[in-house]
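Structure file work32.tsv (TSV, C-alpha atoms) follows.
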```tsv
chain	number	residue	atom	x	y	z
A	245	MET	CA	64.13	-56.50	100.86
A	246	THR	CA	65.16	-55.60	97.35
A	247	GLU	CA	63.67	-52.52	95.81
A	248	ARG	CA	63.22	-53.96	92.32
A	249	LEU	CA	63.11	-57.30	90.60
A	250	TYR	CA	66.37	-57.81	88.72
A	251	PHE	CA	65.78	-61.13	86.97
A	252	GLN	CA	63.15	-62.68	84.77
A	253	PRO	CA	60.27	-63.96	86.87
A	254	ASN	CA	59.45	-67.63	86.26
A	255	TYR	CA	55.93	-67.19	87.56
A	256	PRO	CA	52.99	-64.87	86.79
A	257	ALA	CA	54.57	-61.85	88.44
A	258	ARG	CA	52.49	-58.95	89.65
A	259	ILE	CA	52.87	-55.46	88.25
A	260	ASP	CA	54.20	-53.05	90.86
A	261	SER	CA	51.60	-50.31	90.54
A	262	SER	CA	53.38	-48.23	93.17
A	263	ASP	CA	56.22	-47.73	90.71
A	264	HIS	CA	56.00	-44.76	88.36
A	265	ILE	CA	56.43	-46.95	85.27
A	266	GLY	CA	54.53	-49.94	86.64
A	267	ALA	CA	51.53	-47.69	87.23
A	268	MET	CA	51.43	-46.96	83.51
A	269	ALA	CA	51.56	-50.63	82.44
A	270	ARG	CA	48.51	-51.94	80.59
A	271	PHE	CA	50.03	-54.96	78.83
A	272	ALA	CA	52.88	-57.19	79.96
A	273	VAL	CA	54.02	-60.65	78.99
A	274	VAL	CA	57.18	-62.50	79.97
A	275	GLY	CA	58.86	-65.24	77.96
A	276	MET	CA	57.49	-68.55	79.14
A	277	ARG	CA	55.37	-71.33	77.77
A	278	MET	CA	51.77	-70.07	77.32
A	279	PRO	CA	52.65	-66.52	78.41
A	280	LEU	CA	49.89	-65.10	80.58
A	281	GLU	CA	49.11	-61.42	80.00
A	282	LEU	CA	49.85	-60.03	83.42
A	283	CYS	CA	47.61	-56.93	83.42
A	284	SER	CA	44.41	-58.59	82.22
A	285	ARG	CA	45.29	-62.15	83.37
A	286	MET	CA	44.34	-63.27	79.89
A	287	GLN	CA	45.62	-66.61	78.65
A	288	PRO	CA	47.13	-66.53	75.17
A	289	ALA	CA	45.29	-67.85	72.13
A	290	GLY	CA	46.07	-68.31	68.48
A	291	THR	CA	49.36	-70.00	67.70
A	292	ILE	CA	51.54	-70.69	70.73
A	293	GLY	CA	55.28	-70.35	70.23
A	294	THR	CA	58.06	-72.44	71.69
A	295	VAL	CA	60.44	-71.43	74.47
A	296	ALA	CA	64.20	-71.22	74.13
A	297	PRO	CA	66.83	-70.14	76.65
A	298	ILE	CA	68.43	-66.79	75.88
A	299	LEU	CA	70.74	-64.46	77.74
A	300	LEU	CA	67.84	-62.78	79.52
A	301	GLY	CA	66.23	-66.04	80.64
A	302	ASN	CA	63.38	-67.80	78.89
A	303	GLY	CA	62.73	-66.52	75.40
A	304	TYR	CA	59.37	-66.88	73.70
A	305	VAL	CA	60.06	-67.72	70.06
A	306	LEU	CA	57.48	-65.80	68.07
A	307	PRO	CA	55.41	-68.15	65.88
A	308	SER	CA	54.84	-67.30	62.24
A	309	THR	CA	51.13	-66.85	62.85
A	310	ALA	CA	50.10	-64.66	65.73
A	311	THR	CA	49.86	-65.42	69.41
A	312	THR	CA	46.97	-63.28	70.63
A	313	TRP	CA	45.41	-61.88	73.78
A	314	THR	CA	41.86	-60.57	73.36
A	315	TYR	CA	40.84	-57.88	75.79
A	316	ILE	CA	40.01	-54.19	75.72
A	317	SER	CA	42.40	-51.59	77.00
A	318	THR	CA	41.24	-48.16	75.94
A	319	ASP	CA	44.35	-46.78	77.62
A	320	LEU	CA	46.34	-48.28	74.73
A	321	ASP	CA	44.02	-46.86	72.09
A	322	PRO	CA	45.59	-43.64	70.78
A	323	TYR	CA	42.25	-42.46	69.38
A	324	LEU	CA	40.62	-42.57	72.82
A	325	SER	CA	43.52	-42.03	75.18
A	326	GLY	CA	46.29	-40.40	73.19
A	327	SER	CA	49.88	-41.25	74.01
A	328	PHE	CA	51.20	-44.77	74.55
A	329	SER	CA	54.54	-46.56	74.68
A	330	VAL	CA	55.85	-50.06	73.94
A	331	PHE	CA	58.89	-51.78	75.43
A	332	TRP	CA	60.27	-54.98	73.90
A	333	SER	CA	63.27	-56.97	75.06
A	334	GLY	CA	64.76	-60.08	73.50
A	335	ILE	CA	66.70	-61.35	70.53
A	336	LEU	CA	65.90	-59.44	67.36
A	337	ARG	CA	66.87	-61.19	64.15
A	338	SER	CA	68.21	-58.94	61.43
A	339	ASN	CA	66.66	-58.36	58.04
A	340	VAL	CA	63.34	-60.09	58.71
A	341	ALA	CA	59.75	-59.04	59.16
A	342	GLY	CA	58.03	-59.51	62.47
A	343	THR	CA	55.44	-57.99	64.75
A	344	LEU	CA	56.81	-57.24	68.18
A	345	LEU	CA	53.41	-56.15	69.47
A	346	LYS	CA	50.18	-55.01	67.91
A	347	SER	CA	46.88	-53.77	69.24
A	348	THR	CA	44.29	-53.89	66.54
A	349	GLY	CA	40.61	-54.08	65.71
A	350	ILE	CA	39.35	-52.11	62.74
A	351	TYR	CA	41.92	-49.51	63.75
A	352	GLY	CA	45.02	-49.74	65.86
A	353	TRP	CA	48.79	-49.89	65.74
A	354	THR	CA	51.65	-52.30	65.28
A	355	VAL	CA	55.27	-52.19	66.37
A	356	GLU	CA	57.06	-54.18	63.74
A	357	THR	CA	60.32	-54.94	62.04
A	358	THR	CA	60.94	-55.12	58.33
A	359	GLY	CA	63.94	-56.44	56.46
A	360	TRP	CA	66.66	-54.12	55.22
A	361	ALA	CA	70.01	-55.88	54.92
A	362	PRO	CA	71.92	-58.52	56.86
A	363	GLY	CA	72.94	-57.07	60.19
A	364	TYR	CA	70.19	-54.46	60.13
A	365	SER	CA	66.53	-54.18	60.89
A	366	GLN	CA	63.96	-51.46	60.42
A	367	ILE	CA	61.99	-50.97	63.61
A	368	GLY	CA	58.84	-48.98	63.24
A	369	LEU	CA	55.43	-47.92	64.46
A	370	LYS	CA	52.60	-48.39	62.00
A	371	SER	CA	48.97	-47.32	62.05
A	372	PHE	CA	46.94	-50.44	61.33
A	373	TRP	CA	44.19	-49.01	59.12
A	374	GLY	CA	45.91	-46.01	57.56
A	375	GLY	CA	49.23	-47.74	57.07
A	376	TYR	CA	51.17	-44.71	58.23
A	377	TYR	CA	54.67	-45.95	59.08
A	378	ARG	CA	57.49	-44.30	61.01
A	379	SER	CA	60.63	-46.42	61.24
A	380	TRP	CA	64.29	-46.33	62.16
A	381	LEU	CA	67.17	-48.37	60.79
A	382	VAL	CA	69.03	-50.18	63.55
A	383	ALA	CA	72.13	-52.37	63.52
A	384	VAL	CA	71.15	-55.77	64.93
A	385	ASP	CA	73.27	-58.62	66.28
A	386	ASP	CA	71.33	-61.86	65.87
A	387	THR	CA	72.85	-63.30	69.03
A	388	ALA	CA	72.67	-60.34	71.42
A	389	ALA	CA	69.80	-59.10	73.53
A	390	ILE	CA	68.27	-55.83	72.48
A	391	GLN	CA	65.91	-53.44	74.25
A	392	VAL	CA	63.54	-51.36	72.16
A	393	VAL	CA	61.29	-48.56	73.38
A	394	LEU	CA	58.83	-46.92	70.98
A	395	CYS	CA	56.75	-44.03	72.26
A	396	TYR	CA	53.93	-42.09	70.70
A	397	ASP	CA	53.33	-38.56	71.98
A	398	ASP	CA	49.81	-37.63	70.96
A	399	SER	CA	50.12	-33.94	71.75
A	400	ALA	CA	52.98	-33.63	69.28
A	401	ALA	CA	51.79	-36.41	66.94
A	402	THR	CA	55.36	-37.70	67.12
A	403	ALA	CA	56.91	-41.13	67.61
A	404	TYR	CA	60.20	-41.67	69.46
A	405	CYS	CA	62.57	-44.62	69.34
A	406	TYR	CA	65.15	-45.76	71.89
A	407	VAL	CA	67.38	-48.81	71.45
A	408	ASN	CA	69.39	-50.13	74.38
A	409	GLY	CA	68.68	-46.89	76.18
A	410	ALA	CA	70.03	-44.66	73.43
A	411	PHE	CA	67.77	-42.21	71.66
A	412	ILE	CA	67.63	-43.24	68.01
A	413	GLY	CA	65.29	-40.66	66.59
A	414	SER	CA	61.84	-39.20	66.33
A	415	GLY	CA	59.42	-38.24	63.61
A	416	PRO	CA	55.80	-37.41	62.86
A	417	PHE	CA	53.27	-40.20	63.19
A	418	THR	CA	49.60	-40.23	62.21
A	419	LYS	CA	47.32	-42.42	64.29
A	420	ASP	CA	44.26	-44.12	62.87
A	421	PRO	CA	41.07	-42.02	62.71
A	422	GLY	CA	38.89	-44.19	64.94
A	423	ALA	CA	38.78	-46.21	68.12
A	424	ILE	CA	40.09	-49.78	68.12
A	425	GLY	CA	36.78	-50.83	69.58
A	426	SER	CA	35.36	-54.01	71.05
A	427	GLY	CA	37.41	-56.22	68.74
A	428	GLN	CA	40.69	-55.16	70.32
A	429	VAL	CA	43.28	-57.93	70.09
A	430	PHE	CA	46.93	-57.82	71.10
A	431	GLY	CA	49.30	-60.03	69.20
A	432	MET	CA	52.84	-60.84	68.12
A	433	LEU	CA	54.39	-62.99	65.40
A	434	GLY	CA	57.73	-63.67	63.82
A	435	ASP	CA	59.43	-64.80	60.65
A	436	ALA	CA	58.99	-68.48	59.75
A	437	THR	CA	62.72	-69.22	59.51
A	438	SER	CA	64.35	-66.47	61.62
A	439	PRO	CA	61.86	-65.57	64.32
A	440	HIS	CA	62.47	-62.93	66.96
A	441	THR	CA	62.65	-64.24	70.53
A	442	MET	CA	60.87	-62.25	73.21
A	443	ALA	CA	62.02	-61.99	76.81
A	444	THR	CA	59.32	-59.48	77.68
A	445	ALA	CA	56.91	-57.16	75.89
A	446	GLN	CA	55.20	-54.35	77.73
A	447	ALA	CA	52.90	-51.48	76.77
A	448	PHE	CA	52.13	-48.37	78.73
A	449	LYS	CA	49.53	-45.66	78.86
A	450	GLY	CA	51.29	-42.39	78.12
A	451	CYS	CA	54.56	-41.43	76.52
A	452	LEU	CA	57.59	-42.61	78.46
A	453	ILE	CA	60.26	-39.99	78.99
A	454	ALA	CA	63.91	-40.72	78.18
A	455	ASP	CA	64.83	-41.56	81.79
A	456	GLN	CA	62.01	-44.10	82.00
A	457	ALA	CA	63.05	-45.68	78.71
A	458	LEU	CA	66.59	-45.90	80.05
A	459	LEU	CA	65.38	-47.58	83.25
A	460	LEU	CA	63.49	-50.23	81.29
A	461	CYS	CA	66.42	-50.86	78.99
A	462	GLY	CA	68.70	-51.24	82.01
A	463	ASN	CA	66.31	-53.60	83.79
A	464	PRO	CA	63.51	-55.16	81.69
A	465	TRP	CA	61.89	-56.46	84.91
A	466	HIS	CA	61.60	-53.02	86.48
A	467	ILE	CA	57.79	-52.92	86.54
A	468	PHE	CA	57.35	-56.15	88.50
A	469	GLU	CA	56.98	-56.50	92.23
A	470	PRO	CA	60.27	-57.40	93.86
A	471	GLU	CA	60.72	-60.66	95.70
A	472	GLU	CA	61.44	-60.84	99.37
A	473	THR	CA	65.01	-61.84	100.02
A	474	ASP	CA	65.43	-60.69	103.61
A	475	ILE	CA	66.03	-63.67	105.90
A	476	SER	CA	66.87	-61.74	109.02
A	477	PRO	CA	66.10	-63.54	112.27
A	478	LEU	CA	62.78	-63.30	114.00
A	479	PRO	CA	62.13	-60.17	116.07
A	480	GLY	CA	63.84	-60.34	119.41
A	481	THR	CA	66.73	-62.40	118.10
A	482	ALA	CA	69.82	-60.28	117.89
A	483	PRO	CA	71.78	-60.92	114.69
A	484	PRO	CA	75.48	-61.62	115.11
A	485	PRO	CA	77.92	-58.89	114.03
A	486	SER	CA	78.85	-60.72	110.84
A	487	PHE	CA	75.24	-60.72	109.80
A	488	LYS	CA	74.92	-57.01	110.45
A	489	ALA	CA	77.92	-56.38	108.26
A	490	ALA	CA	76.51	-58.51	105.48
A	491	TRP	CA	73.19	-56.73	105.74
A	492	ALA	CA	74.88	-53.36	105.50
A	493	ARG	CA	76.82	-54.44	102.43
A	494	ASN	CA	73.71	-55.84	100.76
A	495	SER	CA	71.68	-52.76	101.59
A	496	ASN	CA	74.31	-50.57	100.03
A	497	ALA	CA	74.36	-52.78	96.97
A	498	VAL	CA	70.64	-52.46	96.55
A	499	ILE	CA	70.78	-48.69	96.65
A	500	THR	CA	73.83	-48.07	94.54
A	501	GLY	CA	74.46	-51.31	92.67
A	502	ALA	CA	74.55	-51.49	88.92
A	503	VAL	CA	71.42	-52.63	87.16
A	504	ARG	CA	71.80	-55.95	85.39
C	103	MET	CA	73.51	-67.70	111.80
C	104	ALA	CA	72.13	-71.19	111.41
C	105	PHE	CA	69.44	-71.93	108.89
C	106	THR	CA	66.95	-74.72	109.30
C	107	LYS	CA	65.46	-75.66	105.96
C	108	THR	CA	62.80	-78.22	105.24
C	109	ALA	CA	61.64	-79.82	102.01
C	110	ARG	CA	57.85	-79.96	101.93
C	111	THR	CA	55.62	-81.85	99.55
C	112	LEU	CA	52.28	-80.36	98.55
C	113	VAL	CA	51.64	-82.64	95.58
C	114	ALA	CA	54.01	-85.55	95.07
C	115	SER	CA	55.87	-86.06	91.83
C	116	GLY	CA	54.02	-88.29	89.40
C	117	THR	CA	50.58	-87.40	90.70
C	118	VAL	CA	48.01	-87.86	87.94
C	119	ASN	CA	45.28	-85.26	87.60
C	120	ALA	CA	42.51	-87.04	85.71
C	121	ALA	CA	40.48	-85.29	83.05
C	122	GLY	CA	37.92	-83.03	84.73
C	123	ALA	CA	39.49	-83.55	88.15
C	124	THR	CA	41.19	-81.16	90.56
C	125	THR	CA	44.28	-81.89	92.62
C	126	ARG	CA	45.13	-79.70	95.60
C	127	GLY	CA	47.87	-79.56	98.18
C	128	THR	CA	48.00	-77.38	101.28
C	129	ILE	CA	50.50	-76.45	103.93
C	130	ASN	CA	50.41	-74.42	107.13
C	131	LEU	CA	53.21	-71.84	107.22
C	132	ASN	CA	52.16	-70.05	110.39
C	133	ALA	CA	55.16	-71.29	112.34
C	134	VAL	CA	57.59	-70.94	109.46
C	135	GLN	CA	60.00	-68.04	109.20
C	136	GLY	CA	60.28	-67.89	105.41
C	137	PRO	CA	60.66	-66.72	102.76
C	138	CYS	CA	60.08	-69.97	100.85
C	139	ARG	CA	60.18	-71.08	97.23
C	140	LEU	CA	57.41	-73.14	95.67
C	141	THR	CA	57.96	-75.08	92.47
C	142	CYS	CA	55.10	-76.51	90.43
C	143	ALA	CA	55.13	-78.53	87.26
C	144	ILE	CA	52.60	-79.89	84.80
C	145	ALA	CA	53.35	-82.41	82.06
C	146	ASN	CA	51.00	-83.45	79.29
C	147	GLY	CA	51.08	-86.91	77.85
C	148	SER	CA	50.25	-88.27	74.45
C	149	PRO	CA	47.58	-87.62	73.46
C	150	ALA	CA	47.42	-84.22	75.08
C	151	PRO	CA	44.37	-82.80	76.87
C	152	SER	CA	41.99	-80.75	74.76
C	153	THR	CA	41.94	-78.01	77.40
C	154	GLN	CA	45.08	-77.29	79.36
C	155	CYS	CA	45.61	-78.00	83.04
C	156	THR	CA	46.57	-74.90	85.00
C	157	VAL	CA	48.08	-74.38	88.41
C	158	ARG	CA	46.95	-71.61	90.70
C	159	VAL	CA	48.63	-70.62	93.96
C	160	LEU	CA	46.33	-69.53	96.77
C	161	ILE	CA	46.72	-68.35	100.35
C	162	ALA	CA	44.48	-68.33	103.41
C	163	HIS	CA	44.57	-65.64	106.07
C	164	ASN	CA	44.03	-68.20	108.81
C	165	SER	CA	46.02	-69.11	111.87
C	166	SER	CA	45.01	-72.74	111.35
C	167	LEU	CA	44.98	-74.59	108.06
C	168	PRO	CA	41.52	-74.56	106.42
C	169	PRO	CA	40.28	-77.48	104.33
C	170	ALA	CA	41.55	-77.49	100.77
C	171	GLY	CA	39.23	-75.73	98.37
C	172	SER	CA	38.92	-73.38	95.47
C	173	ALA	CA	39.13	-69.59	95.76
C	174	GLY	CA	36.40	-68.34	98.07
C	175	ALA	CA	35.86	-67.56	101.70
C	176	ASP	CA	39.10	-69.12	102.95
C	177	TRP	CA	41.41	-69.33	99.97
C	178	LYS	CA	42.45	-66.27	97.95
C	179	THR	CA	44.46	-66.22	94.77
C	180	LEU	CA	48.11	-65.27	95.24
C	181	TYR	CA	49.32	-66.04	91.70
C	182	GLN	CA	47.12	-66.32	88.66
C	183	ALA	CA	46.73	-69.65	86.90
C	184	VAL	CA	49.36	-70.70	84.40
C	185	GLY	CA	49.64	-73.82	82.29
C	186	PRO	CA	51.73	-75.59	79.67
C	187	GLY	CA	49.18	-75.44	76.83
C	188	VAL	CA	47.78	-78.38	74.97
C	189	GLY	CA	50.80	-79.62	73.07
C	190	ILE	CA	51.55	-83.33	73.07
C	191	ASN	CA	54.05	-84.07	75.86
C	192	ALA	CA	54.28	-80.34	76.60
C	193	ALA	CA	55.72	-79.71	80.05
C	194	ALA	CA	56.27	-76.54	82.03
C	195	GLY	CA	57.48	-75.59	85.47
C	196	TRP	CA	57.29	-72.45	87.57
C	197	ALA	CA	59.05	-71.22	90.71
C	198	PHE	CA	56.93	-68.96	92.90
C	199	PRO	CA	58.38	-66.79	95.67
C	200	ILE	CA	56.42	-67.25	98.89
C	201	GLY	CA	56.82	-64.36	101.29
C	202	ARG	CA	57.35	-64.76	105.02
C	203	GLU	CA	53.99	-63.10	105.68
C	204	ILE	CA	52.05	-66.02	104.16
C	205	MET	CA	50.02	-67.97	106.74
C	206	CYS	CA	48.57	-70.90	104.76
C	207	LEU	CA	49.42	-71.98	101.22
C	208	GLU	CA	47.56	-74.04	98.64
C	209	VAL	CA	48.24	-75.16	95.08
C	210	GLU	CA	45.41	-76.18	92.80
C	211	PHE	CA	45.79	-78.10	89.55
C	212	THR	CA	42.65	-78.14	87.46
C	213	GLY	CA	41.08	-77.53	84.08
C	214	ASN	CA	42.37	-80.35	81.87
C	215	THR	CA	39.74	-82.08	79.80
C	216	GLY	CA	39.95	-85.12	77.59
C	217	GLN	CA	43.18	-86.51	79.01
C	218	ALA	CA	44.96	-86.81	82.32
C	219	VAL	CA	48.17	-84.89	83.06
C	220	THR	CA	50.97	-85.33	85.57
C	221	VAL	CA	51.48	-82.66	88.22
C	222	GLU	CA	53.71	-81.92	91.21
C	223	ALA	CA	54.35	-79.17	93.77
C	224	TYR	CA	57.20	-78.88	96.27
C	225	LEU	CA	58.29	-76.20	98.69
C	226	SER	CA	61.74	-75.29	99.94
C	227	GLU	CA	60.94	-73.91	103.35
C	228	LEU	CA	63.20	-71.69	105.39
C	229	THR	CA	61.87	-72.98	108.67
C	230	SER	CA	63.89	-70.87	111.05
C	231	VAL	CA	67.02	-68.82	111.51
C	232	SER	CA	68.89	-68.89	114.78
```
Would you mind giving the structure from this file in structure tokens?
Amino acid sequence: MTERLYFQPNYPARIDSSDHIGAMARFAVVGMRMPLELCSRMQPAGTIGTVAPILLGNGYVLPSTATTWTYISTDLDPYLSGSFSVFWSGILRSNVAGTLLKSTGIYGWTVETTGWAPGYSQIGLKSFWGGYYRSWLVAVDDTAAIQVVLCYDDSAATAYCYVNGAFIGSGPFTKDPGAIGSGQVFGMLGDATSPHTMATAQAFKGCLIADQALLLCGNPWHIFEPEETDISPLPGTAPPPSFKAAWARNSNAVITGAVR
Amino acid sequence: MAFTKTARTLVASGTVNAAGATTRGTINLNAVQGPCRLTCAIANGSPAPSTQCTVRVLIAHNSSLPPAGSAGADWKTLYQAVGPGVGINAAAGWAFPIGREIMCLEVEFTGNTGQAVTVEAYLSELTSVS
């Protein structure tokens, strides 16, 4: 039995709520055609993007008008619940605008990119109504996978940014002055000619700490239930010595192996 | 160690799920060691359905295979419904892990309106290890 899922699930995977990060998950989609939101089981609406293979598996090419999921998660409303975090993994195109994830009604927030210069992108957290924007300039390779974690700590009114596990910076952030409300819609969209490609997007109640951000960047599939891989014989059937050795090697690999 | 593996068909390739209809396939895994891998696919035609067809994977906690049916007293949802959308000729496939604890398995294709779609479901079964 593996302890974590280490590859992109090609099925509507379940969130592992026994995991310390999985328990915080309130929004999760994985790159596939018609990506189901895995916390609410909400089918997508709006404009549906295409799917393209990328290094991480299936990539959901963000359409130029939003793909949306309409459901209420007060745990991702900073006015009602305070801190929240967003994790995004995929191919980020440089120097273009895009919305990696937003949760909006009258009020809300967006995690977005804006153009800067070829080879660079500004990644930021923006309050939807007030327009308050905290961003960081990041070097971007249009062909390489990137992992972005943006956290908002309500007690400090501060946003934090991690890219590929490295701490990029922090700064003050002002949330909107009201609840998102019953019109809460999650969404994502990309540039018409150079769209971002999403392998997974996840949002969490609470502010992830650096070690949790590093775990997600090391394994974007960390929050999902692992698959059973153990094919040991039925009880009462003694495995041959070679099998025992293989099991021992695999067990060791699970515990100490590098995250891919 | 010797593995005995068996290819199982729940819904044969090329099966047409008519508009408004439901296609189901079931299999009894009580005597199967597992784990297994289930693949399902849905393909739209042209024109496409106005509402997408989805596939849902269900299990039954029964020592004998119950009649095929929707989620209820016997059948419980294992994986939520997914579909390919309503694009013309849109096709999608999924590969579901089926744990060795599963007793009975069902796939259910349903939901398409306006047009028929083509569906299939197959299982690679690890029958036994000796």
Dump as a tab-separated table the rows for residues of chain C within 7 Å of chain A: closest atom pair and distance in Å with one decimal, all atoms listed in the file counted, ordered by chain and rising residue number.
```
residue	atom	partner	partner_atom	distance
C:Pro137	CA	A:Glu472	CA	6.8
C:Tyr181	CA	A:Pro256	CA	6.2
C:Gln182	CA	A:Pro256	CA	6.3
C:Val184	CA	A:Leu280	CA	6.8
C:Gly185	CA	A:Met278	CA	6.6
C:Pro186	CA	A:Arg277	CA	5.9
C:Gly187	CA	A:Met278	CA	6.0
C:Ala194	CA	A:Arg277	CA	6.8
C:Trp196	CA	A:Tyr255	CA	5.4
C:Ala197	CA	A:Asn254	CA	5.7
C:Phe198	CA	A:Tyr255	CA	5.7
C:Pro199	CA	A:Glu471	CA	6.6
C:Gly201	CA	A:Glu472	CA	6.1
C:Val231	CA	A:Pro477	CA	5.4
C:Ser232	CA	A:Pro477	CA	6.5
```
Which polymer residues have any atom within 7 Å of an atom of segment 164-171 of chain C, counting all atoms listed in the file, with same-chain residues fewer than 4 positions away left out, as a short mmCIF file (atom, residue, chain, number, x, y, z; two decimals) with C-alpha atoms, in the frame of the given file?
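The resulting file, part.cif, is reproduced below:
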```
data_model
loop_
_atom_site.label_atom_id
_atom_site.label_comp_id
_atom_site.auth_asym_id
_atom_site.auth_seq_id
_atom_site.Cartn_x
_atom_site.Cartn_y
_atom_site.Cartn_z
CA ARG C 126 45.13 -79.70 95.60
CA THR C 128 48.00 -77.38 101.28
CA ASN C 130 50.41 -74.42 107.13
CA ASN C 132 52.16 -70.05 110.39
CA ASP C 176 39.10 -69.12 102.95
CA TRP C 177 41.41 -69.33 99.97
CA MET C 205 50.02 -67.97 106.74
CA CYS C 206 48.57 -70.90 104.76
#
```
Atom-to-atom span, atom CA of Asp260 of chain A and atom CA of Leu344 of chain A, Å: 23.2 Å
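Our summary of the geometry notes that atom CA of Ile144 of chain C is positioned 10.6 Å from atom CA of Ala218 of chain C.
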task: Around the point (43.7, -57.6, 68.2) in the file's coordinates, collect all residues with an atom within 8 Å, using only C-alpha atoms, and return them as a PyMOL selection string.
output: chain A and resi 312-314+346-349+427-431
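The shortest atom-to-atom distance to Gly136 of chain C, with only C-alpha atoms taken into account, belongs to C:Ile200 out of C:Ala223, C:Ala121, C:Ile200, C:Leu207.
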message: Counting only C-alpha atoms, find residues at most 12 Å from (70.6, -44.0, 83.9) (file frame) and give them as a list in words.
response: Asn408, Gly409, Ala410, Ala454, Asp455, Gln456, Ala457, Leu458, Leu459, Leu460, Cys461, Gly462, Asn463, Thr500, Ala502 and Val503 of chain A
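Interatomic distance, atom CA of Leu306 of chain A against atom CA of Met268 of chain A: 25.1 Å.
Comparing C:Ala109, C:Leu228, C:Ile204, C:Ile190 by their smallest distance to Ala150 of chain C, the closest is C:Ile190 (using only C-alpha atoms).
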query: Pick the closest to Thr354 of chain A from A:Val305, A:Ala436, A:Leu369, A:Cys283: which is it, counting only C-alpha atoms?
result: A:Leu369
message: At a cut-off of 9 Å, using all atoms listed in the file, what residues contact Tyr224 of chain C? Leave out same-chain residues fewer than 4 positions from it and give the result as a list in words.
response: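 Listing them by chain and then by number gives Ala109, Arg110, Thr111, Leu112, Val113, Ala114, Ser115, Arg139, Leu140, Thr141 and Cys142 of chain C.
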Would you export the selected residues with C-alpha atoms as a PDB file, keeping the file's coordinate frame, please?
```
ATOM      1  CA  ALA C 109      61.640 -79.820 102.010  1.00  0.00           C
ATOM      2  CA  ARG C 110      57.850 -79.960 101.930  1.00  0.00           C
ATOM      3  CA  THR C 111      55.620 -81.850  99.550  1.00  0.00           C
ATOM      4  CA  LEU C 112      52.280 -80.360  98.550  1.00  0.00           C
ATOM      5  CA  VAL C 113      51.640 -82.640  95.580  1.00  0.00           C
ATOM      6  CA  ALA C 114      54.010 -85.550  95.070  1.00  0.00           C
ATOM      7  CA  SER C 115      55.870 -86.060  91.830  1.00  0.00           C
ATOM      8  CA  ARG C 139      60.180 -71.080  97.230  1.00  0.00           C
ATOM      9  CA  LEU C 140      57.410 -73.140  95.670  1.00  0.00           C
ATOM     10  CA  THR C 141      57.960 -75.080  92.470  1.00  0.00           C
ATOM     11  CA  CYS C 142      55.100 -76.510  90.430  1.00  0.00           C
TER      12      CYS C 142
END
```
field: From C:Cys155, C:Ala173, C:Leu160, C:Leu180, residue lying nearest Ala120 of chain C [all atoms listed in the file]
entry: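 Nearest to Ala120 of chain C: C:Cys155.
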Can you fill out segment 246-257 of chain A with N, CA and C atoms and hand it back as a PDB file, keeping the file's coordinate frame?
```pdb
ATOM      1  N   THR A 246      64.679 -56.322  98.515  1.00  0.00           N
ATOM      2  CA  THR A 246      65.160 -55.600  97.350  1.00  0.00           C
ATOM      3  C   THR A 246      64.122 -54.559  96.943  1.00  0.00           C
ATOM      4  N   GLU A 247      64.596 -53.576  96.221  1.00  0.00           N
ATOM      5  CA  GLU A 247      63.670 -52.520  95.810  1.00  0.00           C
ATOM      6  C   GLU A 247      63.067 -52.809  94.448  1.00  0.00           C
ATOM      7  N   ARG A 248      63.721 -53.637  93.651  1.00  0.00           N
ATOM      8  CA  ARG A 248      63.220 -53.960  92.320  1.00  0.00           C
ATOM      9  C   ARG A 248      63.535 -55.414  92.028  1.00  0.00           C
ATOM     10  N   LEU A 249      62.795 -55.970  91.083  1.00  0.00           N
ATOM     11  CA  LEU A 249      63.110 -57.300  90.600  1.00  0.00           C
ATOM     12  C   LEU A 249      64.190 -57.163  89.529  1.00  0.00           C
ATOM     13  N   TYR A 250      65.247 -57.974  89.640  1.00  0.00           N
ATOM     14  CA  TYR A 250      66.370 -57.810  88.720  1.00  0.00           C
ATOM     15  C   TYR A 250      66.584 -59.035  87.841  1.00  0.00           C
ATOM     16  N   PHE A 251      65.632 -59.955  87.828  1.00  0.00           N
ATOM     17  CA  PHE A 251      65.780 -61.130  86.970  1.00  0.00           C
ATOM     18  C   PHE A 251      64.406 -61.523  86.444  1.00  0.00           C
ATOM     19  N   GLN A 252      64.423 -62.305  85.392  1.00  0.00           N
ATOM     20  CA  GLN A 252      63.150 -62.680  84.770  1.00  0.00           C
ATOM     21  C   GLN A 252      62.317 -63.535  85.715  1.00  0.00           C
ATOM     22  N   PRO A 253      61.101 -63.136  85.989  1.00  0.00           N
ATOM     23  CA  PRO A 253      60.270 -63.960  86.870  1.00  0.00           C
ATOM     24  C   PRO A 253      59.789 -65.221  86.162  1.00  0.00           C
ATOM     25  N   ASN A 254      59.947 -66.357  86.812  1.00  0.00           N
ATOM     26  CA  ASN A 254      59.450 -67.630  86.260  1.00  0.00           C
ATOM     27  C   ASN A 254      58.134 -67.995  86.938  1.00  0.00           C
ATOM     28  N   TYR A 255      57.251 -67.025  86.960  1.00  0.00           N
ATOM     29  CA  TYR A 255      55.930 -67.190  87.560  1.00  0.00           C
ATOM     30  C   TYR A 255      55.115 -65.985  87.094  1.00  0.00           C
ATOM     31  N   PRO A 256      53.798 -66.018  87.239  1.00  0.00           N
ATOM     32  CA  PRO A 256      52.990 -64.870  86.790  1.00  0.00           C
ATOM     33  C   PRO A 256      53.147 -63.684  87.735  1.00  0.00           C
ATOM     34  N   ALA A 257      54.211 -62.942  87.528  1.00  0.00           N
ATOM     35  CA  ALA A 257      54.570 -61.850  88.440  1.00  0.00           C
ATOM     36  C   ALA A 257      53.510 -60.758  88.436  1.00  0.00           C
TER      37      ALA A 257
END
```
